[in-house]
$ cat final_6.txt   # compact mmCIF, C-alpha atoms
# COMPACT_ATOMS: atom_id res chain seq x y z
CA MET A 1 168.76 177.20 34.34
CA VAL A 2 168.09 180.92 34.96
CA ALA A 3 169.77 182.77 37.84
CA ARG A 4 167.89 185.99 38.61
CA ASP A 5 167.14 188.74 41.12
CA ARG A 6 164.22 188.39 43.53
CA ALA A 7 161.90 190.89 41.82
CA GLY A 8 158.62 189.32 40.74
CA ALA A 9 158.93 190.85 37.25
CA TYR A 10 161.96 188.66 36.53
CA SER A 11 160.16 185.54 37.70
CA ASP A 12 157.11 186.32 35.57
CA ALA A 13 159.25 187.05 32.49
CA VAL A 14 161.16 183.77 32.79
CA GLN A 15 157.96 181.80 33.38
CA ARG A 16 156.40 183.35 30.29
CA VAL A 17 159.36 182.94 27.90
CA ILE A 18 160.95 179.66 29.05
CA PRO A 19 158.49 178.00 31.44
CA HIS A 20 160.50 174.75 31.57
CA ALA A 21 163.64 176.49 32.97
CA GLN A 22 164.70 176.04 36.60
CA GLN A 23 164.84 179.48 38.23
CA VAL A 24 167.55 180.18 40.84
CA ALA A 25 167.25 183.14 43.23
CA ASP A 26 170.50 185.03 43.55
CA ARG A 27 172.06 184.43 46.98
CA TRP A 28 173.43 187.98 47.34
CA HIS A 29 169.94 189.38 46.85
CA LEU A 30 168.56 186.95 49.44
CA LEU A 31 170.99 188.36 52.00
CA ALA A 32 170.26 191.94 50.87
CA ASN A 33 166.53 191.31 51.37
CA LEU A 34 167.24 189.97 54.86
CA ARG A 35 169.30 193.05 55.73
CA GLU A 36 166.57 195.43 54.49
CA THR A 37 163.97 193.47 56.50
CA VAL A 38 165.87 193.72 59.79
CA GLU A 39 166.74 197.38 59.18
CA ARG A 40 163.02 198.19 58.77
CA LEU A 41 162.38 196.43 62.07
CA LEU A 42 165.13 198.47 63.76
CA LEU A 43 163.79 201.72 62.34
CA ARG A 44 160.38 200.88 63.78
CA HIS A 45 162.04 200.29 67.17
CA ASN A 46 164.34 203.32 67.01
CA ALA A 47 163.31 204.34 70.54
CA ARG A 48 164.62 200.97 71.75
CA LEU A 49 167.96 201.66 70.06
CA ARG A 50 168.23 204.93 72.00
CA GLU A 51 167.24 203.19 75.22
CA ALA A 52 169.83 200.45 74.76
CA ALA A 53 172.54 203.01 73.97
CA GLN A 54 171.60 205.01 77.06
CA LEU A 55 171.69 201.90 79.27
CA LEU A 56 175.38 201.56 78.50
CA VAL A 57 175.98 205.06 79.93
CA GLU A 58 173.43 205.84 82.58
CA SER A 59 169.66 205.25 82.79
CA PRO A 60 167.04 204.49 80.13
CA LEU A 61 165.75 207.44 78.15
CA PRO A 62 162.15 208.52 78.60
CA GLN A 63 159.85 208.28 75.61
CA THR A 64 159.97 211.76 74.04
CA GLN A 65 158.05 211.22 70.83
CA PRO A 66 155.01 209.10 70.08
CA SER A 67 155.79 206.21 67.78
CA ALA A 68 154.31 205.94 64.33
CA ALA A 69 151.97 203.22 65.60
CA GLU A 70 150.47 205.67 68.14
CA ALA A 71 149.60 208.41 65.64
CA ALA A 72 146.10 209.87 65.82
CA VAL A 73 145.34 208.85 62.23
CA PRO A 74 146.71 205.48 61.02
CA LEU A 75 149.80 206.04 58.93
CA MET A 76 150.70 204.37 55.67
CA ALA A 77 153.81 202.19 55.57
CA TRP A 78 155.95 204.83 53.82
CA GLN A 79 154.86 207.45 56.35
CA LYS A 80 155.79 205.22 59.30
CA LEU A 81 159.21 204.59 57.76
CA SER A 82 159.72 208.31 57.16
CA ILE A 83 158.86 209.15 60.80
CA ASP A 84 161.16 206.42 62.13
CA ARG A 85 164.02 207.68 59.97
CA ARG A 86 163.48 211.26 61.13
CA ALA A 87 163.54 210.15 64.77
CA ALA A 88 166.82 208.31 64.22
CA ARG A 89 168.38 211.32 62.49
CA LEU A 90 167.11 213.70 65.19
CA ALA A 91 168.72 211.55 67.89
CA ARG A 92 172.06 211.72 66.07
CA TYR A 93 171.74 215.51 65.71
CA GLU A 94 171.02 215.97 69.43
CA GLU A 95 174.01 213.79 70.34
CA VAL A 96 176.29 215.87 68.10
CA MET A 97 175.06 219.13 69.66
CA ARG A 98 175.54 217.79 73.20
CA LEU A 99 179.14 216.81 72.48
CA ARG A 100 179.80 220.14 70.77
CA ALA A 101 178.49 221.97 73.85
CA GLN A 102 181.12 220.06 75.87
CA GLY A 103 183.84 221.60 73.68
CA LEU A 104 184.73 218.62 71.50
CA SER A 105 186.11 219.26 68.02
CA PHE A 106 184.37 218.13 64.84
CA LYS A 107 186.90 215.33 64.44
CA ALA A 108 186.43 214.11 68.01
CA ILE A 109 182.63 214.18 67.67
CA ALA A 110 182.84 212.22 64.41
CA ARG A 111 184.99 209.60 66.13
CA VAL A 112 182.62 209.25 69.12
CA THR A 113 179.38 209.18 67.11
CA GLU A 114 180.86 207.25 64.15
CA LEU A 115 179.47 209.88 61.77
CA ASP A 116 181.26 211.49 58.86
CA GLN A 117 183.06 214.69 59.89
CA ARG A 118 181.19 216.59 57.16
CA THR A 119 177.87 215.48 58.67
CA VAL A 120 179.00 216.72 62.09
CA SER A 121 180.01 220.07 60.59
CA TYR A 122 176.68 220.35 58.78
CA PHE A 123 174.69 219.66 61.96
CA VAL A 124 176.66 222.14 64.07
CA ARG A 125 176.57 224.96 61.52
CA ALA A 126 172.85 224.51 60.83
CA GLY A 127 171.87 226.39 64.00
CA GLU A 128 168.82 224.17 64.52
CA TYR A 129 167.74 220.69 63.52
CA PRO A 130 167.98 220.64 59.68
CA GLU A 131 164.78 219.10 58.40
CA ARG A 132 165.11 217.27 55.12
CA ALA A 133 163.57 219.10 52.18
CA PRO A 134 160.28 217.46 51.16
CA ARG A 135 160.24 215.78 47.81
CA SER A 136 158.84 218.06 45.18
CA SER A 137 155.73 216.83 43.41
CA GLY A 138 153.41 218.20 40.81
CA PRO A 139 150.04 219.82 41.48
CA MET A 140 147.67 217.69 43.57
CA LEU A 141 143.91 217.61 43.85
CA LEU A 142 144.19 218.43 47.53
CA ASP A 143 146.29 221.61 47.14
CA ALA A 144 143.32 223.99 46.98
CA TYR A 145 141.79 222.45 50.13
CA ARG A 146 144.92 221.89 52.22
CA HIS A 147 144.36 225.00 54.36
CA HIS A 148 141.00 223.67 55.56
CA LEU A 149 142.51 220.23 56.23
CA CYS A 150 145.35 221.71 58.29
CA GLN A 151 142.87 223.78 60.27
CA ARG A 152 140.86 220.67 61.16
CA VAL A 153 144.03 218.83 62.18
CA ALA A 154 145.07 221.78 64.37
CA GLN A 155 141.64 221.58 66.05
CA GLY A 156 142.39 217.96 66.95
CA CYS A 157 140.07 216.33 64.45
CA THR A 158 140.91 212.69 63.63
CA ASN A 159 137.73 211.76 61.75
CA VAL A 160 138.93 211.24 58.18
CA ALA A 161 135.45 210.58 56.80
CA ALA A 162 134.06 213.82 58.26
CA VAL A 163 136.88 215.91 56.80
CA TRP A 164 136.52 214.17 53.45
CA HIS A 165 132.80 214.99 53.33
CA GLU A 166 133.57 218.61 54.26
CA LEU A 167 136.06 218.86 51.40
CA ARG A 168 133.65 217.17 49.00
CA ALA A 169 131.09 219.84 49.83
CA GLN A 170 133.69 222.43 48.85
CA GLY A 171 134.29 220.74 45.47
CA PHE A 172 137.10 218.26 46.24
CA LYS A 173 137.04 215.34 43.75
CA GLY A 174 139.69 213.09 45.32
CA SER A 175 139.29 209.90 47.32
CA GLY A 176 139.09 209.37 51.06
CA GLY A 177 142.48 207.66 50.94
CA THR A 178 144.10 210.89 49.73
CA VAL A 179 142.58 212.77 52.66
CA ARG A 180 143.61 210.06 55.14
CA ALA A 181 147.25 210.14 53.95
CA ALA A 182 147.36 213.95 54.18
CA MET A 183 145.80 214.01 57.65
CA ALA A 184 148.14 211.32 58.93
CA GLN A 185 151.14 213.27 57.65
CA ALA A 186 149.84 216.51 59.18
CA HIS A 187 149.31 214.83 62.57
CA ALA A 188 152.79 213.31 62.42
CA VAL A 189 154.42 216.65 61.62
CA SER A 190 152.56 218.46 64.41
CA SER A 191 153.52 215.80 66.96
CA SER A 192 157.19 215.78 65.95
CA THR A 193 157.87 219.52 65.92
CA ASP A 194 157.79 219.66 69.73
CA THR A 195 160.85 217.40 70.05
CA ALA A 196 163.38 219.42 68.06
CA GLY A 197 164.24 221.76 70.90
CA ARG A 198 164.48 219.22 73.71
CA PRO A 199 167.77 218.45 75.47
CA GLY A 200 170.23 216.20 73.63
CA ARG A 201 170.96 212.57 74.36
CA ARG A 202 173.85 211.49 76.51
CA ALA A 203 174.53 208.36 74.46
CA SER A 204 175.44 207.79 70.83
CA THR A 205 172.62 205.96 69.05
CA PRO A 206 173.70 203.79 66.11
CA SER A 207 171.85 203.89 62.82
CA ALA A 208 169.67 200.96 61.79
CA GLN A 209 172.33 199.90 59.27
CA ARG A 210 175.10 199.88 61.88
CA ALA A 211 172.89 198.17 64.48
CA TYR A 212 172.11 195.41 61.98
CA ALA A 213 175.83 194.85 61.39
CA TRP A 214 176.36 194.53 65.14
CA LEU A 215 173.39 192.17 65.55
CA VAL A 216 174.70 189.70 62.97
CA GLY A 217 178.35 190.10 63.94
CA TRP A 218 179.66 191.96 60.88
CA HIS A 219 182.52 194.54 60.96
CA GLU A 220 184.20 192.79 63.90
CA ARG A 221 187.38 191.53 62.27
CA GLY A 222 189.02 194.93 61.78
CA GLN A 223 188.01 196.37 65.13
CA GLN A 224 189.89 196.59 68.39
CA MET A 225 188.74 194.45 71.29
CA PRO A 226 187.22 197.32 73.40
CA LYS A 227 185.08 198.38 70.44
CA ARG A 228 183.83 194.81 69.85
CA ALA A 229 183.01 194.43 73.54
CA GLU A 230 181.04 197.70 73.49
CA HIS A 231 179.04 196.52 70.48
CA ARG A 232 178.29 193.19 72.13
CA ARG A 233 177.04 194.95 75.27
CA PHE A 234 174.79 197.13 73.13
CA VAL A 235 173.36 194.07 71.35
CA GLU A 236 172.76 192.30 74.66
CA ALA A 237 170.99 195.34 76.11
CA LEU A 238 168.89 195.81 72.96
CA CYS A 239 167.81 192.16 72.85
CA ALA A 240 166.93 192.23 76.55
CA ILE A 241 164.76 195.33 76.04
CA GLU A 242 162.92 194.22 72.89
CA PRO A 243 162.05 190.50 72.36
CA GLU A 244 161.14 191.13 68.69
CA ILE A 245 164.68 192.30 67.97
CA ALA A 246 166.18 189.40 69.91
CA GLN A 247 164.20 186.89 67.87
CA ALA A 248 164.95 188.68 64.59
CA SER A 249 168.67 188.75 65.42
CA SER A 250 168.68 185.01 66.08
CA LEU A 251 166.80 184.26 62.87
CA ALA A 252 169.04 186.57 60.81
CA ARG A 253 172.24 184.98 62.12
CA GLU A 254 170.85 181.52 61.45
CA PHE A 255 169.78 182.43 57.91
CA LEU A 256 173.25 183.78 57.10
CA GLY A 257 174.77 180.51 58.29
CA LEU A 258 172.31 178.43 56.28
CA VAL A 259 173.10 180.31 53.08
CA HIS A 260 176.83 180.00 53.74
CA ARG A 261 176.57 176.22 54.31
CA ARG A 262 173.90 175.73 51.58
CA ASP A 263 171.79 173.82 54.13
CA VAL A 264 168.48 173.40 52.29
CA ASN A 265 166.89 171.16 54.95
CA GLY A 266 167.80 173.64 57.63
CA PHE A 267 166.28 176.38 55.49
CA ASP A 268 162.90 174.60 55.44
CA ARG A 269 162.92 174.38 59.24
CA TRP A 270 164.03 178.02 59.51
CA LEU A 271 161.22 179.14 57.20
CA ALA A 272 158.59 177.50 59.41
CA ARG A 273 159.91 179.38 62.47
CA ALA A 274 160.17 182.68 60.59
CA GLN A 275 156.52 182.43 59.53
CA ASP A 276 155.57 182.37 63.25
CA SER A 277 157.87 185.27 64.20
CA LYS A 278 156.61 188.04 66.47
CA ALA A 279 157.95 190.69 64.07
CA PRO A 280 155.68 191.49 61.09
CA GLU A 281 158.74 192.40 58.99
CA ILE A 282 160.17 188.88 59.43
CA ARG A 283 156.81 187.30 58.64
CA ARG A 284 156.57 189.32 55.41
CA PHE A 285 160.10 188.25 54.47
CA ALA A 286 159.18 184.62 55.12
CA ALA A 287 156.04 185.03 53.01
CA SER A 288 158.10 186.38 50.10
CA LEU A 289 160.44 183.37 50.35
CA THR A 290 157.45 181.02 50.41
CA ALA A 291 155.98 182.64 47.30
CA ASP A 292 159.33 182.09 45.53
CA HIS A 293 160.05 178.79 47.27
CA SER A 294 161.28 176.78 44.28
CA ALA A 295 163.84 179.40 43.21
CA VAL A 296 165.00 180.00 46.79
CA ARG A 297 165.53 176.26 47.40
CA ALA A 298 167.48 176.11 44.13
CA ALA A 299 169.76 178.85 45.48
CA PHE A 300 170.76 176.47 48.29
CA GLU A 301 171.10 173.40 46.07
CA SER A 302 172.64 174.90 42.91
CA PRO A 303 176.09 176.47 42.39
CA TRP A 304 174.58 179.03 40.01
CA SER A 305 174.03 182.69 40.90
CA SER A 306 174.06 186.14 39.30
CA GLY A 307 177.52 186.84 40.70
CA GLN A 308 179.40 186.46 37.41
CA VAL A 309 176.95 188.69 35.54
CA GLU A 310 176.99 191.34 38.27
CA GLY A 311 180.80 191.21 38.30
CA GLN A 312 181.01 191.84 34.57
CA ILE A 313 178.54 194.74 34.86
CA ASN A 314 180.60 196.32 37.63
CA ARG A 315 183.78 195.83 35.57
CA LEU A 316 182.20 197.53 32.55
CA LYS A 317 181.01 200.47 34.67
CA PHE A 318 184.46 200.79 36.25
CA LEU A 319 186.19 200.94 32.86
CA LYS A 320 183.65 203.39 31.49
CA ARG A 321 184.05 205.76 34.44
CA GLN A 322 187.83 205.56 34.23
CA MET A 323 187.80 206.62 30.59
CA TYR A 324 184.80 208.97 30.43
CA GLY A 325 185.75 212.08 28.43
CA ARG A 326 189.30 210.81 27.83
CA ALA A 327 189.05 208.09 25.17
CA LYS A 328 186.90 206.83 22.34
CA LEU A 329 184.81 203.71 21.86
CA ASP A 330 187.57 201.69 20.18
CA LEU A 331 189.75 201.85 23.31
CA LEU A 332 186.78 200.98 25.52
CA ARG A 333 186.07 197.96 23.30
CA ALA A 334 189.70 196.82 23.50
CA ARG A 335 189.76 197.06 27.30
CA VAL A 336 186.39 195.35 27.74
CA LEU A 337 187.32 192.40 25.50
CA HIS A 338 190.82 192.01 26.90
CA PRO A 339 191.02 188.91 29.15
CA ASN A 340 192.91 190.78 31.88

$ encode --input "final_6.txt" --output "structure tokens"
Amino acid sequence: MVARDRAGAYSDAVQRVIPHAQQVADRWHLLANLRETVERLLLRHNARLREAAQLLVESPLPQTQPSAAEAAVPLMAWQKLSIDRRAARLARYEEVMRLRAQGLSFKAIARVTELDQRTVSYFVRAGEYPERAPRSSGPMLLDAYRHHLCQRVAQGCTNVAAVWHELRAQGFKGSGGTVRAAMAQAHAVSSSTDTAGRPGRRASTPSAQRAYAWLVGWHERGQQMPKRAEHRRFVEALCAIEPEIAQASSLAREFLGLVHRRDVNGFDRWLARAQDSKAPEIRRFAASLTADHSAVRAAFESPWSSGQVEGQINRLKFLKRQMYGRAKLDLLRARVLHPN
């Protein structure tokens, strides 16, 4: 019996070394994969989150920025995710600036928007929307030809093949895919710069992580009744606006219950419905479970998991960080091996 994470490398390693062993997918990682799946869906529908938040205050917000799916040049998956995250962060920045213009203190804004007070201070003191610094990378084949590419994008060109041939004539040795990714990013940047100076929102838009918690009913036990009611109204509005999110919310809640009850027969029925979901993120999650079907079923049927191993790793890290720079290895060994 081998309890493991969901990464394919672990599955391949176990199959190669001990092919007769029964593999068991760790249940915590199953739930973490579900959370990441729904959060990606919510990031893609960030405009719907803003609209649902606005419905609780006044009227729906107009669409102010083209979605990643409407870009002139098809974006890669990481580019779509980056644009969706920027849109979510921009909405939070605009909400902070609107509340600050009303005279609210940093602490009051943090309480209303549910942001950290340091984040509120950073936004206000920035003077304008603080773009995230791009990740630094080494020299690229396209660097010497980027000026020409940006010129063609500014002219409205969306023909990747034509630009690639133009660059090839100038000596570019890279692939068409490199040009397509660069043009898609350039189009996305040019379309998003117009939104930074627009008026702020009148409603606080939750992050994808917080919206997921509300969708599945987490974080409700320690909250006051008015706060829970507000979250429920947001979820109802969001599900009414976007059927994909409504279906994903239902499937996510059901999956959490199935894992909690270890209902393997219910899981098989759930998997069939998830494979037919309207949301591509849910379908991909279902496909990953199907590819690892034996280990996932074993997670429902077996008491084994990676919990004990992960707990010991966390304990070791905790002890190490407590003692770093203060004690030697012999004391660390004594504390690690001590039963309590």

$ closest_residue --input "final_6.txt" --among "A:Lys320, A:Arg92, A:Arg269, A:Arg283" --to "Leu49 in chain A" --atoms "all atoms listed in the file"
A:Arg92

$ residues_around --input "final_6.txt" --residues "His260 in chain A" --least-positions-apart "2" --cutoff "12 Å" --atoms "only C-alpha atoms" --output "list of chain:residue names"
A:Arg27, A:Trp28, A:Leu30, A:Leu31, A:Arg253, A:Glu254, A:Phe255, A:Leu256, A:Gly257, A:Leu258, A:Arg262, A:Asp263, A:Val264, A:Gly266, A:Phe267, A:Ala299, A:Phe300, A:Glu301, A:Pro303

$ closest_residue --input "final_6.txt" --among "A:Ser175, A:Asn314, A:Thr205, A:Ser302" --to "Leu56 in chain A" --atoms "only C-alpha atoms"
A:Thr205

$ closest_residue --input "final_6.txt" --among "A:Lys328, A:Arg89, A:Arg6, A:His338" --to "Ala208 in chain A" --atoms "all atoms listed in the file"
A:Arg89

$ atom_distance --input "final_6.txt" --atom1 "CA of Arg100 in chain A" --atom2 "CA of Arg125 in chain A"
10.9 Å

$ residues_near_point --input "final_6.txt" --point "(138.4, 208.8, 52.5)" --cutoff "8 Å" --atoms "only C-alpha atoms" --output "JSON, numbers by chain"
{"A": [160, 161, 164, 175, 176, 177, 178, 179, 180]}

$ write_last_selection --input "final_6.txt" --atoms "C-alpha atoms" --output "PDB file, in the coordinates of the input"
ATOM      1  CA  VAL A 160     138.930 211.240  58.180  1.00  0.00           C
ATOM      2  CA  ALA A 161     135.450 210.580  56.800  1.00  0.00           C
ATOM      3  CA  TRP A 164     136.520 214.170  53.450  1.00  0.00           C
ATOM      4  CA  SER A 175     139.290 209.900  47.320  1.00  0.00           C
ATOM      5  CA  GLY A 176     139.090 209.370  51.060  1.00  0.00           C
ATOM      6  CA  GLY A 177     142.480 207.660  50.940  1.00  0.00           C
ATOM      7  CA  THR A 178     144.100 210.890  49.730  1.00  0.00           C
ATOM      8  CA  VAL A 179     142.580 212.770  52.660  1.00  0.00           C
ATOM      9  CA  ARG A 180     143.610 210.060  55.140  1.00  0.00           C
TER      10      ARG A 180
END

$ atom_distance --input "final_6.txt" --atom1 "CA of Ala274 in chain A" --atom2 "CA of Ile245 in chain A"
12.9 Å

$ atom_distance --input "final_6.txt" --atom1 "CA of Gln170 in chain A" --atom2 "CA of His187 in chain A"
22.1 Å

$ residues_around --input "final_6.txt" --residues "Thr113 in chain A" --least-positions-apart "6" --cutoff "12 Å" --atoms "all atoms listed in the file" --output "list in words"
Ala53, Ala91, Arg92, Tyr93, Glu94, Glu95, Val96, Met97, Arg98, Leu99, Arg100, Leu104, Phe106, Lys107, Thr119, Val120, Arg201, Arg202, Ala203, Ser204, Thr205, Pro206, Ser207 and Arg210 of chain A

$ decode --input "final_6.txt" --residues "range 325-336 of chain A" --atoms "N, CA and C atoms" --output "PDB file, in the first residue's frame"
ATOM      1  N   GLY A 325      19.822  28.737  14.531  1.00  0.00           N
ATOM      2  CA  GLY A 325      20.777  29.701  15.034  1.00  0.00           C
ATOM      3  C   GLY A 325      20.894  29.741  16.536  1.00  0.00           C
ATOM      4  N   ARG A 326      20.192  28.859  17.259  1.00  0.00           N
ATOM      5  CA  ARG A 326      20.201  28.896  18.723  1.00  0.00           C
ATOM      6  C   ARG A 326      20.725  27.614  19.354  1.00  0.00           C
ATOM      7  N   ALA A 327      20.712  26.509  18.603  1.00  0.00           N
ATOM      8  CA  ALA A 327      21.107  25.226  19.188  1.00  0.00           C
ATOM      9  C   ALA A 327      21.808  24.383  18.142  1.00  0.00           C
ATOM     10  N   LYS A 328      22.386  23.285  18.603  1.00  0.00           N
ATOM     11  CA  LYS A 328      23.134  22.406  17.715  1.00  0.00           C
ATOM     12  C   LYS A 328      22.310  21.177  17.371  1.00  0.00           C
ATOM     13  N   LEU A 329      22.913  20.315  16.536  1.00  0.00           N
ATOM     14  CA  LEU A 329      22.203  19.163  16.003  1.00  0.00           C
ATOM     15  C   LEU A 329      21.802  18.173  17.084  1.00  0.00           C
ATOM     16  N   ASP A 330      22.586  18.052  18.148  1.00  0.00           N
ATOM     17  CA  ASP A 330      22.267  17.058  19.176  1.00  0.00           C
ATOM     18  C   ASP A 330      20.949  17.388  19.877  1.00  0.00           C
ATOM     19  N   LEU A 331      20.686  18.700  20.104  1.00  0.00           N
ATOM     20  CA  LEU A 331      19.412  19.085  20.712  1.00  0.00           C
ATOM     21  C   LEU A 331      18.256  18.871  19.736  1.00  0.00           C
ATOM     22  N   LEU A 332      18.485  19.186  18.460  1.00  0.00           N
ATOM     23  CA  LEU A 332      17.449  18.942  17.455  1.00  0.00           C
ATOM     24  C   LEU A 332      17.095  17.461  17.408  1.00  0.00           C
ATOM     25  N   ARG A 333      18.113  16.600  17.433  1.00  0.00           N
ATOM     26  CA  ARG A 333      17.886  15.153  17.406  1.00  0.00           C
ATOM     27  C   ARG A 333      17.068  14.710  18.635  1.00  0.00           C
ATOM     28  N   ALA A 334      17.406  15.249  19.810  1.00  0.00           N
ATOM     29  CA  ALA A 334      16.687  14.869  21.018  1.00  0.00           C
ATOM     30  C   ALA A 334      15.212  15.276  20.930  1.00  0.00           C
ATOM     31  N   ARG A 335      14.953  16.474  20.426  1.00  0.00           N
ATOM     32  CA  ARG A 335      13.568  16.941  20.341  1.00  0.00           C
ATOM     33  C   ARG A 335      12.778  16.183  19.272  1.00  0.00           C
ATOM     34  N   VAL A 336      13.424  15.866  18.161  1.00  0.00           N
ATOM     35  CA  VAL A 336      12.731  15.148  17.092  1.00  0.00           C
ATOM     36  C   VAL A 336      12.360  13.735  17.531  1.00  0.00           C
TER      37      VAL A 336
END
